[in-house]
Amino acid sequence: MKIFKKTIIYTASALMLGLTSCSDFITEYSQDLAKVEGWQDLDEVLLGSGYLQPKGMSASGRAGDDIDCLHFMGDELIQSQLNKEDTHGYIQSMYSYYTWQQEIGYNELYKYVGGDDAYWNKIYSRINVCNMVAYLIDEQPEYSDDDVANKRRIKGEAFFLRGAYYFLLANMYAQPYDPATAASTPGVPVKNSEIIEDKEYSRGSLAHTYESILDDLSHAEELLLNAPVKTLHRATYPAVLLLKSRVYLYMQDWKNAALYASKVLDCNSRLLELRGKRPGDDCVYLSSPETLFSMGGYAIAAEFSDGYGFWGPYSPAYLVSDDMVNLYAHDDLRGTLYIGKSEELGIGPVFIKRNGQYSKRSTTSDVSSTFLLRTPEAYLTLAEASAFDGNETLARSTMESFMRTRYSSPVTVDQTGNDLIDLIREERAREFILEGHRWFDLRRYTVCQPYPWSKIIEHGHCYFDYSDIDHIEVFQLEKNDAAYTLPIPRPVREFQASLGNNPRPVRKLIRTEEPDMDDYEENEMTGTGDIL
């Protein structure tokens, strides 16, 4: 291994779009890469530093390598009025996401506390690892066919991850993809080279960002074809196909979205039969017949469990929103398998699809709340793309095949036109609750032709006086709100002024409410009623 490689890694990391020279990432992993002697070393670096890591659901701080802000901006959860304590400190750290503030990184007292660049740096640091691995892997020696195969696999995984990370960035920090305007809409900075570039970065167009994503996934598709599957925590060929179908779906390229969803189902069309599950069972897990790939943790699951303090158990910090609860019909098995009551206090509606209740908090989450790829997505993508492309017969039959495993009653799909699209969208909301899809779906629906759709969402932030709630401040996300796109983080803008910012309105307080605890406690115990 040549000495100058170490300098390249240190310097390239320091220049990587907002990362500073004191980054823990640089200190820890540049030394690892400087000692590379074979593909095995790069395999370990990619696994440990390229992938989002699965971790436990314990109460000891933020536990899980998630892009967890995605859960707090949509319509899936609401803050509980009975609890000012929460397992992972989300009430404070997610305040500006949860209330759609103009700038991220401000607390409820409107004081800048930073941290708004955490996700940006997390994702770009992993892109940097992928760049280095993809560059260095070709130099590693080959002594056997096994060496050749593993080098192809590692390179394929690096391309898959890089494409996945740019996709996340594009859907967080750029506007929704509209085919009519993508060529003139700012994307996110794309740097796919290991070469040192001390320069001002630009964002390029959103069309260019998506071209880069598809290019990476096409390389991964070629390299991972016939690659042995070591674990579903590593990229697989079906996972590449599914992510590629998602990218085409967001681009409204219906033919390619349907094509790649069909390819996924050719590889694995299995669905989990929910009739065999009971409330409290995990319905998403690594060994499920539906799972194709997962990386990251499921920390959000623990936020819906009772906690324990000096005076005994206390209620969950968050509840499932009424908007979501009301989507499930009486014969929808998911209505009792994905949503239920907390383990100790019996408070509801809480999320139990991935069971993070108190007795299970010490376990390691083997799947992710923000990057879990499952076969239901292939069914729903095939149905949506087919419906938009004029093949409603295929869309209806695909929906029936999927929905038969989710309902206790016989399923017949006879909707057409916008009604069929509405059914598919509602099924996505029901099926993928708190898996990281909803916020991105709400974004893309605003520009999805010929049936664009948006809704008003309200979130109430609770203020407590010691252990008792004092008042609630209610904020509103408007239809087609510019806040569907996050601002470029303040530290990044200061470091790279050339990137500019995304227009985002000042978020005004809609109203202040006094809690009605008698009514609220009744609603919490039954899981019914209008709760902010």
# chains A, B, ... in the order shown; residues from 1 in each chain; ligands from 1
$ select_by_dssp --residues "segment 113-291 of chain A" --states "helix (DSSP H, G or I)" --output "short mmCIF file (atom, residue, chain, number, x, y, z; two decimals) with C-alpha atoms, in the first residue's frame"
data_model
loop_
_atom_site.label_atom_id
_atom_site.label_comp_id
_atom_site.auth_asym_id
_atom_site.auth_seq_id
_atom_site.Cartn_x
_atom_site.Cartn_y
_atom_site.Cartn_z
CA ALA A 118 -25.72 15.55 11.32
CA TYR A 119 -27.59 13.66 8.59
CA TRP A 120 -25.77 15.48 5.79
CA ASN A 121 -22.39 14.57 7.28
CA LYS A 122 -23.47 11.02 8.12
CA ILE A 123 -24.51 10.33 4.55
CA TYR A 124 -21.63 12.11 2.82
CA SER A 125 -19.08 10.44 5.07
CA ARG A 126 -20.41 7.07 3.90
CA ILE A 127 -20.34 8.23 0.28
CA ASN A 128 -16.70 9.08 0.85
CA VAL A 129 -16.06 5.52 2.08
CA CYS A 130 -17.81 4.14 -1.01
CA ASN A 131 -15.68 6.35 -3.27
CA MET A 132 -12.48 5.13 -1.66
CA VAL A 133 -13.50 1.47 -1.66
CA ALA A 134 -14.59 1.60 -5.31
CA TYR A 135 -11.24 3.22 -6.18
CA LEU A 136 -8.98 0.95 -4.14
CA ILE A 137 -10.69 -2.38 -4.82
CA ASP A 138 -9.30 -2.68 -8.35
CA GLU A 139 -5.73 -2.49 -7.01
CA ASP A 145 -11.50 -17.09 -8.66
CA ASP A 146 -12.78 -16.37 -5.16
CA ASP A 147 -10.68 -13.20 -5.04
CA VAL A 148 -12.12 -12.06 -8.37
CA ALA A 149 -15.70 -12.76 -7.28
CA ASN A 150 -15.31 -10.96 -3.97
CA LYS A 151 -13.76 -7.90 -5.58
CA ARG A 152 -16.77 -7.69 -7.92
CA ARG A 153 -19.14 -8.10 -4.99
CA ILE A 154 -17.47 -5.41 -2.90
CA LYS A 155 -17.41 -2.97 -5.79
CA GLY A 156 -21.07 -3.70 -6.49
CA GLU A 157 -21.97 -3.07 -2.86
CA ALA A 158 -20.09 0.23 -2.90
CA PHE A 159 -22.00 1.37 -6.01
CA PHE A 160 -25.32 0.27 -4.49
CA LEU A 161 -24.67 2.17 -1.27
CA ARG A 162 -23.50 5.30 -3.04
CA GLY A 163 -26.61 5.33 -5.22
CA ALA A 164 -28.81 4.74 -2.17
CA TYR A 165 -27.19 7.59 -0.24
CA TYR A 166 -27.53 10.08 -3.07
CA PHE A 167 -31.17 9.04 -3.36
CA LEU A 168 -31.67 9.83 0.33
CA LEU A 169 -29.92 13.18 -0.03
CA ALA A 170 -31.95 14.11 -3.12
CA ASN A 171 -35.20 13.43 -1.31
CA MET A 172 -34.17 15.35 1.77
CA TYR A 173 -32.30 18.36 0.37
CA LEU A 206 -31.77 17.29 -9.99
CA ALA A 207 -31.80 15.46 -13.30
CA HIS A 208 -28.02 15.06 -13.02
CA THR A 209 -28.33 13.77 -9.45
CA TYR A 210 -30.81 11.09 -10.54
CA GLU A 211 -28.66 10.19 -13.55
CA SER A 212 -25.77 9.57 -11.15
CA ILE A 213 -28.01 7.45 -8.92
CA LEU A 214 -29.17 5.30 -11.82
CA ASP A 215 -25.63 4.97 -13.12
CA ASP A 216 -24.44 3.67 -9.75
CA LEU A 217 -27.35 1.24 -9.48
CA SER A 218 -26.74 -0.02 -13.03
CA HIS A 219 -23.12 -0.79 -12.12
CA ALA A 220 -24.32 -2.52 -8.96
CA GLU A 221 -26.89 -4.51 -10.94
CA GLU A 222 -24.18 -5.83 -13.25
CA LEU A 223 -21.64 -6.54 -10.51
CA LEU A 224 -24.01 -8.21 -8.04
CA TYR A 237 -29.07 -8.34 -6.52
CA PRO A 238 -32.83 -8.23 -5.70
CA ALA A 239 -32.18 -5.25 -3.40
CA VAL A 240 -30.58 -3.36 -6.30
CA LEU A 241 -33.54 -4.13 -8.54
CA LEU A 242 -36.02 -2.93 -5.91
CA LEU A 243 -34.19 0.30 -5.20
CA LYS A 244 -33.89 0.94 -8.93
CA SER A 245 -37.64 0.45 -9.32
CA ARG A 246 -38.18 3.00 -6.53
CA VAL A 247 -35.94 5.55 -8.23
CA TYR A 248 -37.83 5.15 -11.52
CA LEU A 249 -41.15 5.44 -9.64
CA TYR A 250 -40.08 8.75 -8.12
CA TRP A 254 -43.64 4.19 -15.20
CA LYS A 255 -42.41 1.62 -17.72
CA ASN A 256 -39.01 1.17 -16.07
CA ALA A 257 -40.52 1.25 -12.57
CA ALA A 258 -42.87 -1.60 -13.55
CA LEU A 259 -40.08 -3.46 -15.36
CA TYR A 260 -37.77 -3.48 -12.34
CA ALA A 261 -40.55 -4.24 -9.87
CA SER A 262 -41.41 -7.27 -12.02
CA LYS A 263 -37.76 -8.33 -11.98
CA VAL A 264 -37.83 -8.22 -8.18
CA LEU A 265 -40.90 -10.45 -8.08
CA ASP A 266 -39.22 -12.86 -10.48
CA CYS A 267 -36.47 -13.21 -7.86
CA LEU A 274 -50.33 -11.93 8.51
CA ARG A 275 -53.06 -14.37 9.56
CA GLY A 276 -50.37 -16.32 11.40
#
$ residues_around --residues "segment 413-418 of chain A" --least-positions-apart "6" --cutoff "9 Å" --atoms "only C-alpha atoms" --output "JSON, numbers by chain"
{"A": [387, 388, 392, 396, 397, 399, 400, 450, 451]}
$ closest_residue --among "A:Ile421, A:Cys283, A:Leu70, A:Ala385" --to "Tyr484 of chain A" --atoms "only C-alpha atoms"
A:Leu70
$ closest_residue --among "A:Leu272, A:Ile469, A:Ala182, A:Ala301" --to "Phe402 of chain A" --atoms "only C-alpha atoms"
A:Leu272
$ residues_around --residues "segment 316-326 of chain A" --least-positions-apart "6" --cutoff "8 Å" --atoms "only C-alpha atoms" --output "PyMOL selection string"
chain A and resi 75-80+82-87+303-307+335+339+342+347-351+429-430+528-531
$ closest_residue --among "A:Gly187, A:Glu142, A:His459, A:Lys341" --to "Leu477 of chain A" --atoms "only C-alpha atoms"
A:His459
$ atom_distance --atom1 "atom CA of Ile457 of chain A" --atom2 "atom CA of Glu513 of chain A"
16.5 Å
$ residues_around --residues "Leu372 of chain A" --least-positions-apart "3" --cutoff "7 Å" --atoms "only C-alpha atoms" --output "ChimeraX atom specification"
/A:293-295,367-369
$ residues_around --residues "Val284 of chain A" --least-positions-apart "6" --cutoff "12 Å" --atoms "only C-alpha atoms" --output "number ranges by chain"
A: 271-274, 277, 290-294, 298, 301, 334, 337-338, 352-356, 365-369, 372-376, 431-435
$ write_last_selection --atoms "N, CA and C atoms" --output "tab-separated table (two decimals), in the first residue's frame"
chain	number	residue	atom	x	y	z
A	271	LEU	N	-44.68	-13.21	0.25
A	271	LEU	CA	-45.25	-12.25	1.19
A	271	LEU	C	-45.47	-12.93	2.53
A	272	LEU	N	-45.38	-12.14	3.59
A	272	LEU	CA	-45.65	-12.65	4.93
A	272	LEU	C	-47.16	-12.77	5.11
A	273	GLU	N	-47.62	-13.94	5.48
A	273	GLU	CA	-49.05	-14.15	5.71
A	273	GLU	C	-49.39	-13.67	7.12
A	274	LEU	N	-50.07	-12.54	7.21
A	274	LEU	CA	-50.33	-11.93	8.51
A	274	LEU	C	-51.34	-12.69	9.35
A	277	LYS	N	-49.94	-14.18	12.52
A	277	LYS	CA	-49.33	-13.32	13.53
A	277	LYS	C	-50.34	-12.93	14.61
A	290	GLU	N	-40.31	-11.79	3.26
A	290	GLU	CA	-40.40	-10.57	2.47
A	290	GLU	C	-39.10	-9.78	2.42
A	291	THR	N	-38.20	-10.00	3.37
A	291	THR	CA	-37.03	-9.13	3.50
A	291	THR	C	-36.00	-9.40	2.41
A	292	LEU	N	-35.59	-8.32	1.75
A	292	LEU	CA	-34.56	-8.41	0.71
A	292	LEU	C	-33.25	-7.79	1.17
A	293	PHE	N	-33.33	-6.78	2.05
A	293	PHE	CA	-32.13	-6.09	2.51
A	293	PHE	C	-32.52	-5.13	3.61
A	294	SER	N	-31.61	-4.91	4.55
A	294	SER	CA	-31.83	-3.88	5.56
A	294	SER	C	-30.50	-3.39	6.09
A	298	TYR	N	-33.80	0.42	14.41
A	298	TYR	CA	-35.22	0.74	14.53
A	298	TYR	C	-35.48	1.43	15.86
A	301	ALA	N	-39.01	2.56	17.31
A	301	ALA	CA	-39.98	1.62	17.89
A	301	ALA	C	-40.09	1.78	19.39
A	334	ARG	N	-53.57	-5.52	9.69
A	334	ARG	CA	-52.52	-4.62	10.15
A	334	ARG	C	-53.03	-3.64	11.21
A	337	LEU	N	-52.10	-5.56	14.23
A	337	LEU	CA	-50.74	-6.09	14.26
A	337	LEU	C	-49.69	-4.98	14.19
A	338	TYR	N	-50.01	-3.88	13.53
A	338	TYR	CA	-49.07	-2.77	13.41
A	338	TYR	C	-49.33	-1.71	14.47
A	352	ILE	N	-46.66	-1.12	17.11
A	352	ILE	CA	-46.15	-2.43	17.57
A	352	ILE	C	-45.72	-3.33	16.41
A	353	LYS	N	-45.69	-2.80	15.21
A	353	LYS	CA	-45.29	-3.59	14.04
A	353	LYS	C	-43.87	-4.14	14.21
A	354	ARG	N	-42.97	-3.26	14.62
A	354	ARG	CA	-41.63	-3.67	15.07
A	354	ARG	C	-41.65	-3.42	16.56
A	355	ASN	N	-41.73	-4.49	17.34
A	355	ASN	CA	-42.06	-4.34	18.76
A	355	ASN	C	-40.87	-3.84	19.56
A	356	GLY	N	-40.95	-2.57	19.98
A	356	GLY	CA	-39.92	-1.97	20.81
A	356	GLY	C	-40.40	-1.74	22.23
A	365	SER	N	-32.00	-4.46	17.08
A	365	SER	CA	-32.93	-4.42	15.96
A	365	SER	C	-32.22	-4.93	14.71
A	366	ASP	N	-32.74	-6.01	14.15
A	366	ASP	CA	-32.07	-6.59	12.98
A	366	ASP	C	-32.57	-6.00	11.67
A	367	VAL	N	-33.56	-5.09	11.74
A	367	VAL	CA	-34.02	-4.39	10.54
A	367	VAL	C	-34.09	-2.89	10.84
A	368	SER	N	-34.33	-2.12	9.80
A	368	SER	CA	-34.23	-0.67	9.88
A	368	SER	C	-35.59	0.00	9.72
A	369	SER	N	-35.74	1.16	10.36
A	369	SER	CA	-36.95	1.95	10.19
A	369	SER	C	-36.84	2.92	9.02
A	372	LEU	N	-35.23	-0.40	4.92
A	372	LEU	CA	-35.63	-1.80	4.87
A	372	LEU	C	-36.30	-2.03	3.52
A	373	LEU	N	-35.78	-2.96	2.75
A	373	LEU	CA	-36.35	-3.28	1.44
A	373	LEU	C	-37.10	-4.60	1.54
A	374	ARG	N	-38.41	-4.56	1.20
A	374	ARG	CA	-39.27	-5.73	1.32
A	374	ARG	C	-40.06	-5.93	0.02
A	375	THR	N	-40.49	-7.18	-0.22
A	375	THR	CA	-41.23	-7.49	-1.44
A	375	THR	C	-42.56	-6.74	-1.57
A	376	PRO	N	-43.27	-6.37	-0.47
A	376	PRO	CA	-44.49	-5.58	-0.68
A	376	PRO	C	-44.26	-4.33	-1.52
A	431	GLU	N	-49.18	-0.06	4.78
A	431	GLU	CA	-48.17	-1.12	4.81
A	431	GLU	C	-46.83	-0.62	5.34
A	432	PHE	N	-46.43	0.58	4.95
A	432	PHE	CA	-45.08	1.05	5.26
A	432	PHE	C	-45.04	2.03	6.43
A	433	ILE	N	-46.03	1.99	7.31
A	433	ILE	CA	-46.04	2.89	8.44
A	433	ILE	C	-44.72	2.79	9.21
A	434	LEU	N	-44.09	3.94	9.40
A	434	LEU	CA	-42.82	4.09	10.12
A	434	LEU	C	-41.71	3.20	9.59
A	435	GLU	N	-41.64	3.12	8.25
A	435	GLU	CA	-40.50	2.49	7.58
A	435	GLU	C	-39.73	3.49	6.72
$ atom_distance --atom1 "atom CA of Leu509 of chain A" --atom2 "atom CA of Gly460 of chain A"
10.0 Å
$ select_by_dssp --residues "segment 432-512 of chain A" --states "strand (DSSP E)" --output "list in words"
Ile457, Glu458, His459, Gly460, His461, Cys462, Tyr463, Phe464, Asp465, Asp468, Ile469, Asp470, His471, Ile472, Glu473, Val474, Phe475, Gln476, Leu477, Arg511 and Thr512 of chain A
$ write_last_selection --atoms "N, CA and C atoms" --output "mmCIF file, in the first residue's frame"
data_model
loop_
_atom_site.group_PDB
_atom_site.id
_atom_site.type_symbol
_atom_site.label_atom_id
_atom_site.label_comp_id
_atom_site.auth_asym_id
_atom_site.auth_seq_id
_atom_site.Cartn_x
_atom_site.Cartn_y
_atom_site.Cartn_z
ATOM 1 N N ILE A 457 -51.195 19.031 7.276
ATOM 2 C CA ILE A 457 -50.805 18.236 8.447
ATOM 3 C C ILE A 457 -50.590 19.185 9.622
ATOM 4 N N GLU A 458 -51.109 18.834 10.779
ATOM 5 C CA GLU A 458 -50.880 19.623 11.985
ATOM 6 C C GLU A 458 -50.122 18.806 13.022
ATOM 7 N N HIS A 459 -49.154 19.444 13.663
ATOM 8 C CA HIS A 459 -48.402 18.848 14.762
ATOM 9 C C HIS A 459 -48.475 19.769 15.970
ATOM 10 N N GLY A 460 -48.737 19.205 17.118
ATOM 11 C CA GLY A 460 -48.745 19.972 18.356
ATOM 12 C C GLY A 460 -47.524 19.655 19.199
ATOM 13 N N HIS A 461 -46.738 20.670 19.513
ATOM 14 C CA HIS A 461 -45.576 20.492 20.393
ATOM 15 C C HIS A 461 -45.979 20.839 21.821
ATOM 16 N N CYS A 462 -45.725 19.918 22.734
ATOM 17 C CA CYS A 462 -46.178 20.063 24.119
ATOM 18 C C CYS A 462 -45.098 20.702 24.994
ATOM 19 N N TYR A 463 -45.521 21.634 25.832
ATOM 20 C CA TYR A 463 -44.648 22.255 26.826
ATOM 21 C C TYR A 463 -45.081 21.784 28.211
ATOM 22 N N PHE A 464 -44.109 21.343 29.007
ATOM 23 C CA PHE A 464 -44.407 20.765 30.317
ATOM 24 C C PHE A 464 -43.898 21.679 31.431
ATOM 25 N N ASP A 465 -44.651 21.719 32.513
ATOM 26 C CA ASP A 465 -44.233 22.366 33.759
ATOM 27 C C ASP A 465 -43.932 21.245 34.734
ATOM 28 N N ASP A 468 -46.162 17.923 34.526
ATOM 29 C CA ASP A 468 -47.500 18.162 33.991
ATOM 30 C C ASP A 468 -47.438 19.019 32.732
ATOM 31 N N ILE A 469 -48.330 18.725 31.795
ATOM 32 C CA ILE A 469 -48.372 19.512 30.575
ATOM 33 C C ILE A 469 -48.935 20.897 30.868
ATOM 34 N N ASP A 470 -48.331 21.918 30.267
ATOM 35 C CA ASP A 470 -48.760 23.296 30.478
ATOM 36 C C ASP A 470 -49.601 23.793 29.297
ATOM 37 N N HIS A 471 -49.049 23.678 28.096
ATOM 38 C CA HIS A 471 -49.801 24.100 26.926
ATOM 39 C C HIS A 471 -49.219 23.434 25.683
ATOM 40 N N ILE A 472 -49.908 23.599 24.570
ATOM 41 C CA ILE A 472 -49.518 22.979 23.304
ATOM 42 C C ILE A 472 -49.466 24.051 22.230
ATOM 43 N N GLU A 473 -48.364 24.070 21.481
ATOM 44 C CA GLU A 473 -48.250 24.972 20.334
ATOM 45 C C GLU A 473 -48.450 24.163 19.052
ATOM 46 N N VAL A 474 -49.399 24.603 18.246
ATOM 47 C CA VAL A 474 -49.776 23.856 17.055
ATOM 48 C C VAL A 474 -49.232 24.548 15.809
ATOM 49 N N PHE A 475 -48.549 23.761 14.984
ATOM 50 C CA PHE A 475 -48.004 24.240 13.715
ATOM 51 C C PHE A 475 -48.629 23.443 12.575
ATOM 52 N N GLN A 476 -48.596 24.035 11.402
ATOM 53 C CA GLN A 476 -49.284 23.431 10.261
ATOM 54 C C GLN A 476 -48.390 23.393 9.032
ATOM 55 N N LEU A 477 -48.373 22.243 8.375
ATOM 56 C CA LEU A 477 -47.731 22.096 7.059
ATOM 57 C C LEU A 477 -48.821 22.235 6.010
ATOM 58 N N ARG A 511 -51.888 28.148 16.503
ATOM 59 C CA ARG A 511 -52.686 28.412 17.696
ATOM 60 C C ARG A 511 -52.003 27.778 18.900
ATOM 61 N N THR A 512 -52.396 28.230 20.062
ATOM 62 C CA THR A 512 -51.967 27.634 21.324
ATOM 63 C C THR A 512 -53.180 26.991 21.979
#
$ residues_around --residues "Thr446 of chain A" --least-positions-apart "2" --cutoff "10 Å" --atoms "only C-alpha atoms" --output "compact mmCIF listing (two decimals) with all heavy atoms, in the first residue's frame"
# COMPACT_ATOMS: atom_id res chain seq x y z
N PRO A 176 -38.97 17.70 -4.84
CA PRO A 176 -39.45 16.45 -5.46
C PRO A 176 -39.18 16.44 -6.96
O PRO A 176 -39.21 17.49 -7.61
CB PRO A 176 -40.96 16.48 -5.18
CG PRO A 176 -41.12 17.38 -3.99
CD PRO A 176 -40.04 18.41 -4.11
N TYR A 177 -38.91 15.26 -7.48
CA TYR A 177 -38.55 15.12 -8.89
C TYR A 177 -39.79 15.31 -9.77
O TYR A 177 -40.73 14.53 -9.73
CB TYR A 177 -37.94 13.75 -9.15
CG TYR A 177 -37.32 13.60 -10.52
CD1 TYR A 177 -35.96 13.73 -10.69
CD2 TYR A 177 -38.11 13.35 -11.65
CE1 TYR A 177 -35.37 13.60 -11.95
CE2 TYR A 177 -37.55 13.23 -12.90
CZ TYR A 177 -36.17 13.36 -13.05
OH TYR A 177 -35.61 13.24 -14.30
N ASP A 178 -39.76 16.35 -10.56
CA ASP A 178 -40.79 16.64 -11.56
C ASP A 178 -40.12 16.54 -12.93
O ASP A 178 -39.21 17.32 -13.23
CB ASP A 178 -41.37 18.04 -11.34
CG ASP A 178 -42.50 18.37 -12.30
OD1 ASP A 178 -42.65 17.66 -13.32
OD2 ASP A 178 -43.24 19.35 -12.05
N ASP A 441 -43.09 9.79 0.10
CA ASP A 441 -44.30 9.65 -0.70
C ASP A 441 -45.11 10.94 -0.70
O ASP A 441 -45.60 11.38 -1.75
CB ASP A 441 -45.16 8.50 -0.16
CG ASP A 441 -44.70 7.14 -0.64
OD1 ASP A 441 -43.90 7.08 -1.60
OD2 ASP A 441 -45.13 6.12 -0.06
N LEU A 442 -45.28 11.55 0.46
CA LEU A 442 -46.02 12.81 0.53
C LEU A 442 -45.38 13.88 -0.36
O LEU A 442 -46.08 14.69 -0.99
CB LEU A 442 -46.09 13.31 1.97
CG LEU A 442 -47.00 12.52 2.92
CD1 LEU A 442 -46.80 12.98 4.36
CD2 LEU A 442 -48.46 12.64 2.52
N ARG A 443 -44.04 13.88 -0.43
CA ARG A 443 -43.34 14.83 -1.29
C ARG A 443 -43.66 14.56 -2.76
O ARG A 443 -44.04 15.47 -3.50
CB ARG A 443 -41.82 14.69 -1.08
CG ARG A 443 -41.25 15.36 0.13
CD ARG A 443 -39.79 14.93 0.35
NE ARG A 443 -39.03 14.79 -0.87
CZ ARG A 443 -38.31 15.77 -1.44
NH1 ARG A 443 -38.26 16.97 -0.86
NH2 ARG A 443 -37.64 15.55 -2.54
N ARG A 444 -43.47 13.32 -3.18
CA ARG A 444 -43.58 13.04 -4.62
C ARG A 444 -45.01 13.13 -5.11
O ARG A 444 -45.24 13.46 -6.29
CB ARG A 444 -42.96 11.68 -4.94
CG ARG A 444 -43.72 10.46 -4.45
CD ARG A 444 -42.96 9.18 -4.80
NE ARG A 444 -43.66 7.98 -4.34
CZ ARG A 444 -44.57 7.33 -5.05
NH1 ARG A 444 -44.88 7.74 -6.27
NH2 ARG A 444 -45.16 6.25 -4.57
N CYS A 448 -46.93 14.52 -8.81
CA CYS A 448 -47.19 13.29 -9.56
C CYS A 448 -48.39 13.48 -10.49
O CYS A 448 -49.52 13.64 -10.03
CB CYS A 448 -47.44 12.14 -8.58
SG CYS A 448 -47.44 10.53 -9.36
N GLN A 449 -48.13 13.44 -11.78
CA GLN A 449 -49.17 13.66 -12.78
C GLN A 449 -49.68 12.32 -13.33
O GLN A 449 -48.92 11.36 -13.43
CB GLN A 449 -48.60 14.51 -13.92
CG GLN A 449 -48.13 15.88 -13.50
CD GLN A 449 -49.25 16.76 -12.98
OE1 GLN A 449 -50.42 16.55 -13.31
NE2 GLN A 449 -48.91 17.76 -12.18
N TYR A 451 -52.35 12.81 -11.36
CA TYR A 451 -53.13 12.85 -10.13
C TYR A 451 -52.29 13.39 -8.97
O TYR A 451 -51.98 12.66 -8.02
CB TYR A 451 -53.66 11.47 -9.78
CG TYR A 451 -54.49 10.82 -10.86
CD1 TYR A 451 -54.11 9.60 -11.43
CD2 TYR A 451 -55.66 11.43 -11.32
CE1 TYR A 451 -54.87 9.00 -12.41
CE2 TYR A 451 -56.42 10.83 -12.33
CZ TYR A 451 -56.03 9.62 -12.86
OH TYR A 451 -56.78 9.03 -13.86
N PRO A 452 -51.89 14.66 -9.01
CA PRO A 452 -51.15 15.22 -7.88
C PRO A 452 -52.05 15.28 -6.65
O PRO A 452 -53.29 15.38 -6.77
CB PRO A 452 -50.76 16.61 -8.36
CG PRO A 452 -51.79 16.96 -9.38
CD PRO A 452 -52.17 15.67 -10.06
N TRP A 453 -51.43 15.22 -5.48
CA TRP A 453 -52.21 15.22 -4.24
C TRP A 453 -51.35 15.76 -3.11
O TRP A 453 -50.14 15.52 -3.05
CB TRP A 453 -52.66 13.81 -3.91
CG TRP A 453 -53.45 13.68 -2.64
CD1 TRP A 453 -54.78 13.93 -2.47
CD2 TRP A 453 -52.95 13.27 -1.36
NE1 TRP A 453 -55.15 13.68 -1.15
CE2 TRP A 453 -54.04 13.28 -0.45
CE3 TRP A 453 -51.69 12.88 -0.89
CZ2 TRP A 453 -53.92 12.93 0.89
CZ3 TRP A 453 -51.56 12.54 0.46
CH2 TRP A 453 -52.67 12.56 1.33
N SER A 454 -51.98 16.50 -2.22
CA SER A 454 -51.30 16.97 -1.02
C SER A 454 -52.34 17.17 0.07
O SER A 454 -53.56 17.16 -0.20
CB SER A 454 -50.56 18.29 -1.30
OG SER A 454 -49.68 18.61 -0.24
N LYS A 455 -51.90 17.32 1.30
CA LYS A 455 -52.81 17.45 2.44
C LYS A 455 -52.22 18.43 3.45
O LYS A 455 -51.02 18.72 3.44
CB LYS A 455 -53.03 16.09 3.11
CG LYS A 455 -51.78 15.49 3.74
CD LYS A 455 -52.02 14.15 4.38
CE LYS A 455 -52.89 14.22 5.61
NZ LYS A 455 -52.94 12.94 6.34
N LYS A 479 -50.65 22.43 2.18
CA LYS A 479 -50.58 21.65 0.95
C LYS A 479 -49.45 22.20 0.07
O LYS A 479 -49.28 23.42 -0.04
CB LYS A 479 -51.90 21.72 0.19
CG LYS A 479 -53.06 21.01 0.88
CD LYS A 479 -54.32 21.09 0.02
CE LYS A 479 -55.47 20.36 0.68
NZ LYS A 479 -56.71 20.42 -0.14
N ASN A 480 -48.67 21.31 -0.52
CA ASN A 480 -47.59 21.69 -1.43
C ASN A 480 -46.61 22.67 -0.79
O ASN A 480 -46.00 23.50 -1.46
CB ASN A 480 -48.16 22.31 -2.72
CG ASN A 480 -49.17 21.42 -3.39
OD1 ASN A 480 -48.88 20.26 -3.70
ND2 ASN A 480 -50.37 21.93 -3.63
N ASP A 481 -46.42 22.53 0.50
CA ASP A 481 -45.56 23.44 1.26
C ASP A 481 -44.11 23.32 0.81
O ASP A 481 -43.63 22.22 0.53
CB ASP A 481 -45.68 23.10 2.75
CG ASP A 481 -45.31 24.23 3.67
OD1 ASP A 481 -44.18 24.74 3.54
OD2 ASP A 481 -46.13 24.60 4.53
N TYR A 484 -41.48 20.81 2.40
CA TYR A 484 -41.23 19.42 2.02
C TYR A 484 -39.77 19.20 1.63
O TYR A 484 -39.34 18.06 1.45
CB TYR A 484 -42.15 19.00 0.87
CG TYR A 484 -43.50 18.51 1.32
CD1 TYR A 484 -44.67 19.19 1.01
CD2 TYR A 484 -43.61 17.34 2.08
CE1 TYR A 484 -45.91 18.73 1.43
CE2 TYR A 484 -44.84 16.88 2.50
CZ TYR A 484 -45.99 17.58 2.18
OH TYR A 484 -47.21 17.11 2.61
